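Raw upload37.tsv, TSV, C-alpha atoms (C1' of nucleotides):
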chain	number	residue	atom	x	y	z
A	1	MET	CA	133.15	116.45	44.30
A	2	THR	CA	130.60	114.86	46.49
A	3	LYS	CA	127.47	115.83	44.66
A	4	ALA	CA	125.90	115.18	41.30
A	5	ARG	CA	127.36	111.80	40.61
A	6	LYS	CA	125.68	109.43	38.24
A	7	PRO	CA	122.29	110.98	37.59
A	8	GLY	CA	119.77	109.69	40.08
A	9	PHE	CA	122.37	108.06	42.23
A	10	SER	CA	120.35	108.45	45.36
A	11	ASP	CA	121.66	109.09	48.82
A	12	CYS	CA	118.67	107.30	50.26
A	13	ASN	CA	119.84	104.48	52.46
A	14	ASN	CA	116.67	102.58	51.81
A	15	ALA	CA	116.76	102.97	48.04
A	16	THR	CA	120.39	101.91	47.95
A	17	LEU	CA	119.61	98.90	50.07
A	18	ARG	CA	116.70	97.83	47.89
A	19	ARG	CA	118.71	98.27	44.76
A	20	ALA	CA	121.44	96.03	46.10
A	21	ALA	CA	118.85	93.56	47.28
A	22	ARG	CA	117.32	93.32	43.81
A	23	SER	CA	120.72	92.83	42.28
A	24	LEU	CA	122.00	90.25	44.70
A	25	GLY	CA	118.61	88.58	44.85
A	26	ARG	CA	118.74	87.89	41.16
A	27	PHE	CA	122.17	86.38	41.49
A	28	TYR	CA	121.16	84.00	44.23
A	29	ASP	CA	117.89	83.26	42.47
A	30	ASP	CA	119.77	82.25	39.35
A	31	ALA	CA	122.05	80.05	41.38
A	32	LEU	CA	119.14	78.34	43.11
A	33	ALA	CA	116.99	78.09	40.01
A	34	PRO	CA	117.90	74.44	39.32
A	35	SER	CA	116.34	73.52	42.66
A	36	GLY	CA	113.14	75.30	41.82
A	37	LEU	CA	113.43	77.43	44.94
A	38	LYS	CA	113.71	81.19	45.06
A	39	SER	CA	116.37	82.65	47.30
A	40	THR	CA	113.65	83.86	49.63
A	41	GLN	CA	112.16	80.41	49.91
A	42	PHE	CA	115.58	78.95	50.49
A	43	GLY	CA	116.17	81.42	53.27
A	44	LEU	CA	112.84	80.63	54.84
A	45	ILE	CA	113.35	76.88	54.65
A	46	PHE	CA	116.80	77.29	56.09
A	47	GLN	CA	115.46	79.32	58.95
A	48	ILE	CA	112.88	76.66	59.70
A	49	HIS	CA	115.58	74.03	59.49
A	50	VAL	CA	117.87	75.63	62.03
A	51	SER	CA	115.03	76.41	64.39
A	52	ASP	CA	113.24	73.85	66.48
A	53	GLU	CA	109.75	73.56	65.08
A	54	PRO	CA	109.33	77.30	65.45
A	55	ALA	CA	105.99	79.01	65.81
A	56	MET	CA	105.09	81.27	62.91
A	57	GLY	CA	105.52	84.33	65.05
A	58	THR	CA	108.98	83.21	66.01
A	59	ILE	CA	110.05	82.88	62.41
A	60	ALA	CA	108.52	86.21	61.48
A	61	GLU	CA	110.40	87.86	64.29
A	62	ALA	CA	113.72	86.27	63.37
A	63	LEU	CA	113.38	87.31	59.75
A	64	ILE	CA	111.90	90.67	60.66
A	65	MET	CA	108.95	90.09	58.43
A	66	ASP	CA	105.25	90.64	58.82
A	67	LEU	CA	103.45	87.63	60.26
A	68	SER	CA	100.86	87.67	57.53
A	69	ALA	CA	103.55	87.99	54.89
A	70	LEU	CA	105.17	84.92	56.33
A	71	GLY	CA	101.89	83.09	56.11
A	72	HIS	CA	101.56	84.01	52.45
A	73	THR	CA	105.14	83.06	51.66
A	74	LEU	CA	104.74	79.75	53.39
A	75	LYS	CA	101.82	78.67	51.23
A	76	PRO	CA	103.67	77.65	48.08
A	77	LEU	CA	106.16	75.72	50.21
A	78	ILE	CA	103.37	73.87	51.96
A	79	ARG	CA	101.61	73.29	48.66
A	80	ASP	CA	104.78	71.79	47.22
A	81	GLY	CA	105.21	69.57	50.23
A	82	TYR	CA	108.42	71.00	51.64
A	83	VAL	CA	106.93	72.39	54.79
A	84	GLU	CA	104.10	71.43	57.10
A	85	THR	CA	102.45	73.03	60.08
A	86	PHE	CA	100.92	71.60	63.20
A	87	PRO	CA	99.27	73.07	66.26
A	88	ASP	CA	101.22	73.70	69.41
A	89	LYS	CA	100.36	71.27	72.18
A	90	ASP	CA	99.82	73.88	74.85
A	91	ASP	CA	98.51	76.89	73.03
A	92	ARG	CA	96.03	76.24	70.28
A	93	ARG	CA	96.55	79.71	68.85
A	94	VAL	CA	100.12	78.81	67.99
A	95	LYS	CA	100.94	77.09	64.75
A	96	ARG	CA	104.33	75.47	64.54
A	97	VAL	CA	106.28	74.83	61.39
A	98	ARG	CA	108.73	72.15	60.29
A	99	LEU	CA	110.25	70.70	57.15
A	100	THR	CA	108.87	67.53	55.66
A	101	PRO	CA	111.30	64.77	54.62
A	102	GLN	CA	110.99	66.18	51.12
A	103	GLY	CA	111.81	69.57	52.52
A	104	ASP	CA	114.99	68.23	54.06
A	105	VAL	CA	116.02	66.73	50.75
A	106	LYS	CA	115.24	69.90	48.90
A	107	LEU	CA	117.19	71.93	51.42
A	108	ASP	CA	120.26	69.75	50.90
A	109	GLU	CA	119.92	70.16	47.19
A	110	ALA	CA	119.53	73.90	47.47
A	111	LEU	CA	122.39	74.23	49.93
A	112	LYS	CA	124.78	72.86	47.35
A	113	LEU	CA	123.65	75.42	44.81
A	114	TRP	CA	123.64	78.16	47.40
A	115	SER	CA	127.21	77.49	48.48
A	116	VAL	CA	128.38	78.02	44.93
A	117	ALA	CA	126.76	81.41	44.78
A	118	GLN	CA	127.91	82.27	48.25
A	119	ARG	CA	131.50	81.33	47.43
A	120	GLN	CA	131.32	83.19	44.16
A	121	PHE	CA	130.15	86.29	45.97
A	122	GLU	CA	132.76	86.09	48.68
A	123	GLU	CA	135.50	85.62	46.12
A	124	LYS	CA	134.44	88.85	44.49
A	125	VAL	CA	134.14	90.99	47.59
A	126	GLY	CA	136.35	89.07	49.96
A	127	ALA	CA	135.16	86.99	52.89
A	128	GLU	CA	136.29	89.64	55.34
A	129	GLN	CA	134.44	92.35	53.54
A	130	ALA	CA	131.35	90.21	53.16
A	131	ALA	CA	131.32	89.43	56.86
A	132	LYS	CA	131.63	93.10	57.68
A	133	LEU	CA	128.82	93.95	55.35
A	134	ARG	CA	126.55	91.33	56.88
A	135	ALA	CA	127.41	92.60	60.33
A	136	ALA	CA	126.57	96.14	59.28
A	137	LEU	CA	123.32	94.98	57.73
A	138	ASP	CA	122.39	93.13	60.88
A	139	VAL	CA	123.02	96.25	62.88
A	140	VAL	CA	120.78	98.20	60.57
A	141	ALA	CA	118.10	95.54	60.62
A	142	ASP	CA	118.05	95.41	64.39
A	143	LEU	CA	118.17	99.15	64.82
A	144	ASP	CA	115.37	100.50	66.94
A	145	LEU	CA	114.20	103.07	64.47
A	146	GLU	CA	111.13	105.07	65.16
A	147	MET	CA	109.70	108.26	63.85
A	148	PRO	CA	110.29	110.93	66.48
A	149	ALA	CA	107.30	113.18	65.88
A	150	ALA	CA	105.17	110.30	64.74
A	151	ALA	CA	105.50	108.64	68.14
A	152	SER	CA	102.81	109.47	70.66
A	153	SER	CA	103.69	112.86	72.10
A	154	ASN	CA	107.06	114.50	71.72
B	155	MET	CA	133.17	80.88	68.70
B	156	THR	CA	132.18	81.70	65.23
B	157	LYS	CA	129.35	79.28	64.82
B	158	ALA	CA	125.95	78.69	66.31
B	159	ARG	CA	125.04	82.22	67.15
B	160	LYS	CA	121.44	83.20	67.46
B	161	PRO	CA	119.54	80.26	66.04
B	162	GLY	CA	118.98	80.72	62.34
B	163	PHE	CA	121.25	83.69	62.12
B	164	SER	CA	122.18	82.99	58.55
B	165	ASP	CA	125.51	83.64	56.91
B	166	CYS	CA	123.79	84.13	53.60
B	167	ASN	CA	124.65	87.51	52.21
B	168	ASN	CA	121.41	87.63	50.33
B	169	ALA	CA	119.23	86.66	53.26
B	170	THR	CA	120.94	89.20	55.47
B	171	LEU	CA	120.47	91.86	52.85
B	172	ARG	CA	116.79	91.11	52.40
B	173	ARG	CA	116.21	91.06	56.11
B	174	ALA	CA	117.76	94.48	56.47
B	175	ALA	CA	115.78	95.70	53.48
B	176	ARG	CA	112.50	94.60	55.05
B	177	SER	CA	113.42	96.29	58.29
B	178	LEU	CA	114.59	99.56	56.83
B	179	GLY	CA	111.84	99.51	54.25
B	180	ARG	CA	109.23	99.53	56.94
B	181	PHE	CA	110.89	102.45	58.66
B	182	TYR	CA	110.95	104.56	55.53
B	183	ASP	CA	107.47	103.42	54.60
B	184	ASP	CA	106.17	104.59	57.94
B	185	ALA	CA	107.88	107.92	57.51
B	186	LEU	CA	106.43	108.39	54.04
B	187	ALA	CA	102.98	107.10	54.93
B	188	PRO	CA	101.47	110.59	55.36
B	189	SER	CA	102.24	111.27	51.71
B	190	GLY	CA	100.52	108.12	50.58
B	191	LEU	CA	103.68	106.94	48.84
B	192	LYS	CA	105.60	103.79	49.59
B	193	SER	CA	109.35	104.12	49.91
B	194	THR	CA	109.73	102.26	46.66
B	195	GLN	CA	107.42	104.65	44.86
B	196	PHE	CA	109.26	107.58	46.36
B	197	GLY	CA	112.52	106.17	45.12
B	198	LEU	CA	111.12	105.66	41.66
B	199	ILE	CA	109.63	109.11	41.46
B	200	PHE	CA	112.87	110.60	42.68
B	201	GLN	CA	114.81	108.72	40.05
B	202	ILE	CA	112.49	110.00	37.35
B	203	HIS	CA	112.82	113.49	38.78
B	204	VAL	CA	116.60	113.57	38.63
B	205	SER	CA	116.71	112.04	35.18
B	206	ASP	CA	115.80	113.84	32.01
B	207	GLU	CA	112.61	112.27	30.76
B	208	PRO	CA	114.26	108.88	30.89
B	209	ALA	CA	113.20	105.93	28.80
B	210	MET	CA	111.80	103.03	30.79
B	211	GLY	CA	114.82	100.93	30.02
B	212	THR	CA	117.09	103.64	31.34
B	213	ILE	CA	115.27	103.77	34.64
B	214	ALA	CA	115.23	100.01	34.94
B	215	GLU	CA	118.94	99.91	34.37
B	216	ALA	CA	119.69	102.63	36.89
B	217	LEU	CA	117.62	100.92	39.56
B	218	ILE	CA	118.79	97.48	38.53
B	219	MET	CA	115.27	96.26	38.18
B	220	ASP	CA	113.49	94.19	35.62
B	221	LEU	CA	111.94	96.27	32.87
B	222	SER	CA	108.59	94.58	33.22
B	223	ALA	CA	108.71	95.03	36.97
B	224	LEU	CA	109.26	98.71	36.40
B	225	GLY	CA	106.26	98.78	34.12
B	226	HIS	CA	104.11	97.19	36.79
B	227	THR	CA	105.40	99.48	39.52
B	228	LEU	CA	104.77	102.51	37.39
B	229	LYS	CA	101.08	101.74	36.92
B	230	PRO	CA	99.76	102.91	40.26
B	231	LEU	CA	101.79	106.10	39.93
B	232	ILE	CA	100.35	106.76	36.50
B	233	ARG	CA	96.88	105.90	37.71
B	234	ASP	CA	97.25	108.38	40.56
B	235	GLY	CA	98.45	111.06	38.18
B	236	TYR	CA	101.98	111.51	39.47
B	237	VAL	CA	103.71	110.18	36.41
B	238	GLU	CA	103.02	110.13	32.70
B	239	THR	CA	104.63	108.54	29.70
B	240	PHE	CA	105.05	109.63	26.14
B	241	PRO	CA	106.65	108.13	23.06
B	242	ASP	CA	110.16	109.00	22.07
B	243	LYS	CA	110.32	111.24	19.01
B	244	ASP	CA	112.86	109.16	17.15
B	245	ASP	CA	112.26	105.62	18.24
B	246	ARG	CA	108.69	104.53	18.53
B	247	ARG	CA	109.67	101.54	20.61
B	248	VAL	CA	110.90	103.80	23.36
B	249	LYS	CA	108.55	105.13	25.99
B	250	ARG	CA	109.78	108.04	28.02
B	251	VAL	CA	108.66	108.92	31.50
B	252	ARG	CA	108.26	112.17	33.41
B	253	LEU	CA	106.54	113.56	36.46
B	254	THR	CA	103.31	115.47	36.12
B	255	PRO	CA	102.91	118.79	37.96
B	256	GLN	CA	101.08	116.80	40.62
B	257	GLY	CA	104.01	114.45	40.72
B	258	ASP	CA	106.38	117.32	41.38
B	259	VAL	CA	104.21	118.52	44.23
B	260	LYS	CA	103.96	115.05	45.68
B	261	LEU	CA	107.70	114.61	45.43
B	262	ASP	CA	108.29	117.81	47.40
B	263	GLU	CA	105.86	116.64	50.02
B	264	ALA	CA	107.49	113.24	50.24
B	265	LEU	CA	110.99	114.68	50.31
B	266	LYS	CA	110.20	116.50	53.52
B	267	LEU	CA	109.00	113.30	55.14
B	268	TRP	CA	111.89	111.35	53.71
B	269	SER	CA	114.51	113.73	55.07
B	270	VAL	CA	113.19	113.18	58.57
B	271	ALA	CA	113.61	109.44	58.26
B	272	GLN	CA	116.95	109.83	56.57
B	273	ARG	CA	118.21	112.14	59.30
B	274	GLN	CA	116.85	109.84	61.96
B	275	PHE	CA	118.66	106.92	60.42
B	276	GLU	CA	121.94	108.74	60.05
B	277	GLU	CA	121.78	109.93	63.62
B	278	LYS	CA	121.52	106.35	64.73
B	279	VAL	CA	124.29	104.90	62.63
B	280	GLY	CA	126.31	107.99	61.94
B	281	ALA	CA	126.53	109.80	58.62
B	282	GLU	CA	130.00	108.43	57.98
B	283	GLN	CA	128.93	104.90	58.63
B	284	ALA	CA	125.80	105.31	56.54
B	285	ALA	CA	127.82	106.64	53.63
B	286	LYS	CA	130.18	103.71	53.87
B	287	LEU	CA	127.31	101.30	53.96
B	288	ARG	CA	125.74	102.84	50.89
B	289	ALA	CA	129.06	102.72	49.10
B	290	ALA	CA	129.45	99.06	49.98
B	291	LEU	CA	125.93	98.33	48.82
B	292	ASP	CA	126.54	100.09	45.54
B	293	VAL	CA	129.62	97.99	45.01
B	294	VAL	CA	127.60	94.87	45.65
B	295	ALA	CA	124.79	96.00	43.42
B	296	ASP	CA	127.13	96.78	40.56
B	297	LEU	CA	129.16	93.63	40.98
B	298	ASP	CA	129.40	91.59	37.85
B	299	LEU	CA	128.25	88.36	39.40
B	300	GLU	CA	127.70	85.35	37.27
B	301	MET	CA	127.36	81.68	37.93
B	302	PRO	CA	130.58	80.03	36.80
B	303	ALA	CA	129.37	76.51	36.03
B	304	ALA	CA	125.98	77.77	34.99
B	305	ALA	CA	127.58	79.70	32.16
B	306	SER	CA	127.90	77.97	28.83
B	307	SER	CA	130.39	75.13	29.04
B	308	ASN	CA	132.86	74.52	31.90
C	309	DC	C1'	114.64	96.05	-0.94
C	310	DG	C1'	113.48	91.76	1.90
C	311	DG	C1'	113.97	89.46	5.83
C	312	DC	C1'	116.00	88.24	10.20
C	313	DA	C1'	118.10	89.39	14.70
C	314	DA	C1'	118.15	92.72	18.34
C	315	DA	C1'	115.90	96.13	21.20
C	316	DA	C1'	111.95	98.04	24.05
C	317	DG	C1'	107.78	97.28	26.09
C	318	DT	C1'	103.42	94.75	27.42
C	319	DG	C1'	100.68	91.19	29.71
C	320	DG	C1'	100.09	87.17	32.18
C	321	DC	C1'	101.42	84.40	35.97
C	322	DA	C1'	103.69	83.61	40.41
C	323	DT	C1'	106.01	84.85	44.53
C	324	DA	C1'	107.26	88.52	48.16
C	325	DT	C1'	105.55	91.72	51.60
C	326	DG	C1'	102.65	94.85	54.18
C	327	DC	C1'	98.51	96.63	56.38
C	328	DC	C1'	93.96	96.09	58.13
C	329	DA	C1'	89.94	93.85	59.78
C	330	DC	C1'	88.60	89.61	61.89
C	331	DT	C1'	88.42	85.19	64.49
C	332	DA	C1'	89.97	82.03	67.87
C	333	DA	C1'	92.56	81.25	72.20
C	334	DT	C1'	94.63	82.89	76.33
C	335	DT	C1'	95.48	85.65	80.16
C	336	DG	C1'	94.45	88.63	83.76
C	337	DA	C1'	91.64	90.80	86.64
C	338	DA	C1'	87.27	92.00	89.24
D	339	DT	C1'	83.88	82.39	87.06
D	340	DT	C1'	83.15	86.08	83.61
D	341	DC	C1'	84.60	89.46	80.61
D	342	DA	C1'	87.91	92.84	78.64
D	343	DA	C1'	92.55	93.05	76.73
D	344	DT	C1'	96.13	90.62	74.50
D	345	DT	C1'	98.17	87.29	71.41
D	346	DA	C1'	98.62	84.38	67.15
D	347	DG	C1'	97.02	83.64	62.76
D	348	DT	C1'	94.02	84.18	58.54
D	349	DG	C1'	92.15	86.45	54.44
D	350	DG	C1'	91.58	90.13	51.46
D	351	DC	C1'	93.61	93.84	49.00
D	352	DA	C1'	97.51	96.34	47.02
D	353	DT	C1'	102.16	97.05	45.69
D	354	DA	C1'	106.89	95.04	44.46
D	355	DT	C1'	109.52	92.10	41.37
D	356	DG	C1'	110.80	88.52	38.13
D	357	DC	C1'	110.47	85.51	34.14
D	358	DC	C1'	108.56	84.27	29.82
D	359	DA	C1'	106.10	84.73	25.59
D	360	DC	C1'	104.73	88.03	22.41
D	361	DT	C1'	104.29	92.35	19.37
D	362	DT	C1'	106.21	96.32	17.38
D	363	DT	C1'	110.16	98.80	15.76
D	364	DT	C1'	114.69	99.28	14.36
D	365	DG	C1'	119.00	97.98	12.36
D	366	DC	C1'	121.66	95.66	9.39
D	367	DC	C1'	123.16	92.54	5.81
D	368	DG	C1'	123.15	90.35	1.58

For the structure just supplied, provide its representation as structure tokens.
Amino acid sequence: MTKARKPGFSDCNNATLRRAARSLGRFYDDALAPSGLKSTQFGLIFQIHVSDEPAMGTIAEALIMDLSALGHTLKPLIRDGYVETFPDKDDRRVKRVRLTPQGDVKLDEALKLWSVAQRQFEEKVGAEQAAKLRAALDVVADLDLEMPAAASSN
Amino acid sequence: MTKARKPGFSDCNNATLRRAARSLGRFYDDALAPSGLKSTQFGLIFQIHVSDEPAMGTIAEALIMDLSALGHTLKPLIRDGYVETFPDKDDRRVKRVRLTPQGDVKLDEALKLWSVAQRQFEEKVGAEQAAKLRAALDVVADLDLEMPAAASSN
DNA sequence: CGGCAAAAGTGGCATATGCCACTAATTGAA
DNA sequence: TTCAATTAGTGGCATATGCCACTTTTGCCG
């Protein structure tokens, strides 16, 4: 009794992960809705907050996201005045990012909403369990996966 | 020693999940690239394949995705001739979905590529571990999360 | 039977993400 | 110093996802 469960219940690690991400994403989105921020924007703003005027590349690396994707995602936040960029003093190719005063305020506001969702989630699955899950997800995220054949030679 | 780890290493379950999803998504996308399908499209086609001419709403529910999002995602697959829709015999509101012969062929092609990535992943984390992770993710995905205060009164 | 609420999709609008082709700066030789 | 290779971002294009406002069908109730 290990096969043919709910029809279409895929064994694909990626599909399962995305499915969970959609589900949980909606939950956190709902929770953050009053702030006007999406959970992704909240995460990005938080990342900027805890970093020290990080370069775009640094953020992209930390979040494991494409640099250009980061640029796109940053636009609405800049447009709304929560984030601003400025050139690095030593390397003009580098663009650094920081929160504006408004961004700080918005982050505080969002953090309150976020903590409710976070608590709610951890009550359901248990803080221990949640921590384990995050740890497992971090392992997966930082895995050095590479296609064997696809790589250069053998 | 439980705080201030890697800068910006968030405790947010959602952020951690999305980060892992981006990472793993790229891996599977790379693996499927030769087929021309994205991992999301592969997952969708697979879901359609294992279902019996499912209605759009049925697919959306299984994948926990917004019905309209499903509609959007389906478009390129229909355009490329892998999927087709047809009206339900009894309820004209319902639109059912199925793979075209080309879709079946493409699925076979993609499955071969997918299995390589899947195997590669499970070798890295261990089949046992991977299964546990998927189980945990399914639990999370199917959790009945709801904002307490956000609900009606209280 | 008439009409209203619920159910299933569609379309528009906005954000999330990626890849690719380019441009601007740097760095590292020759 | 000069030029090729590398690094950091940008812009365009395409898919992924959601929410909301509608439209079409059904269902159901009085």

Per residue of chain A within 9 Å of chain D, note the shortest atom pair and the distance in Å to one decimal, counting all atoms listed in the file, and order the rows by chain and increasing residue number, as a tab-separated table.
residue	atom	partner	partner_atom	distance
A:Arg22	CA	D:DT355	C1'	8.3
A:Arg26	CA	D:DG356	C1'	8.5
A:Met56	CA	D:DA346	C1'	8.3
A:Gly57	CA	D:DA346	C1'	7.2
A:Leu67	CA	D:DG347	C1'	8.0
A:Ser68	CA	D:DG347	C1'	7.6
A:Gly71	CA	D:DG347	C1'	8.3
A:Arg93	CA	D:DA346	C1'	5.4
A:Val94	CA	D:DA346	C1'	5.8
A:Lys95	CA	D:DG347	C1'	7.9

Dump of C-alpha atoms for the selected residues, as an mmCIF file, keeping the file's coordinate frame:
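Now in selection.cif:
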data_model
loop_
_atom_site.group_PDB
_atom_site.id
_atom_site.type_symbol
_atom_site.label_atom_id
_atom_site.label_comp_id
_atom_site.auth_asym_id
_atom_site.auth_seq_id
_atom_site.Cartn_x
_atom_site.Cartn_y
_atom_site.Cartn_z
ATOM 1 C CA ARG A 22 117.320 93.320 43.810
ATOM 2 C CA ARG A 26 118.740 87.890 41.160
ATOM 3 C CA MET A 56 105.090 81.270 62.910
ATOM 4 C CA GLY A 57 105.520 84.330 65.050
ATOM 5 C CA LEU A 67 103.450 87.630 60.260
ATOM 6 C CA SER A 68 100.860 87.670 57.530
ATOM 7 C CA GLY A 71 101.890 83.090 56.110
ATOM 8 C CA ARG A 93 96.550 79.710 68.850
ATOM 9 C CA VAL A 94 100.120 78.810 67.990
ATOM 10 C CA LYS A 95 100.940 77.090 64.750
#

Using all atoms listed in the file, I'd like a table of the residues in chain C that come within 12 Å of chain B; for each, show the closest atom pair and its distance in Å rounded to one decimal, ordered by chain and ascending number, as CSV.
residue,atom,partner,partner_atom,distance
C:DA315,C1',B:Arg247,CA,8.3
C:DA316,C1',B:Arg247,CA,5.4
C:DG317,C1',B:Arg247,CA,7.2
C:DT318,C1',B:Ser222,CA,7.8
C:DG319,C1',B:Ser222,CA,9.3
C:DG320,C1',B:Ser222,CA,11.3
C:DA324,C1',B:Arg176,CA,10.6
C:DT325,C1',B:Arg176,CA,8.3
C:DG326,C1',B:Arg180,CA,8.5
C:DC327,C1',B:Arg180,CA,11.1

Legend entry - Residues of chain B within 6 Å of chain A, only C-alpha atoms counted, as a PyMOL selection string: chain B and resi 162+173-174+177+201+204+217+291+295

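Atom to atom, CA of Asp80 in chain A and CA of Arg98 in chain A stand 13.7 Å apart.
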
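The interatomic distance for the pair CA of Arg233 in chain B and C1' of DT323 in chain C works out to 23.9 Å.
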
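Computed from the coordinates, the CA of Leu37 in chain A to CA of Gln195 in chain B distance equals 27.9 Å.
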
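Each of B:Glu207, B:Ala223, B:Lys266, B:Ile199 was compared to Gly235 in chain B using only C-alpha atoms, and B:Ile199 turns out to be the nearest.
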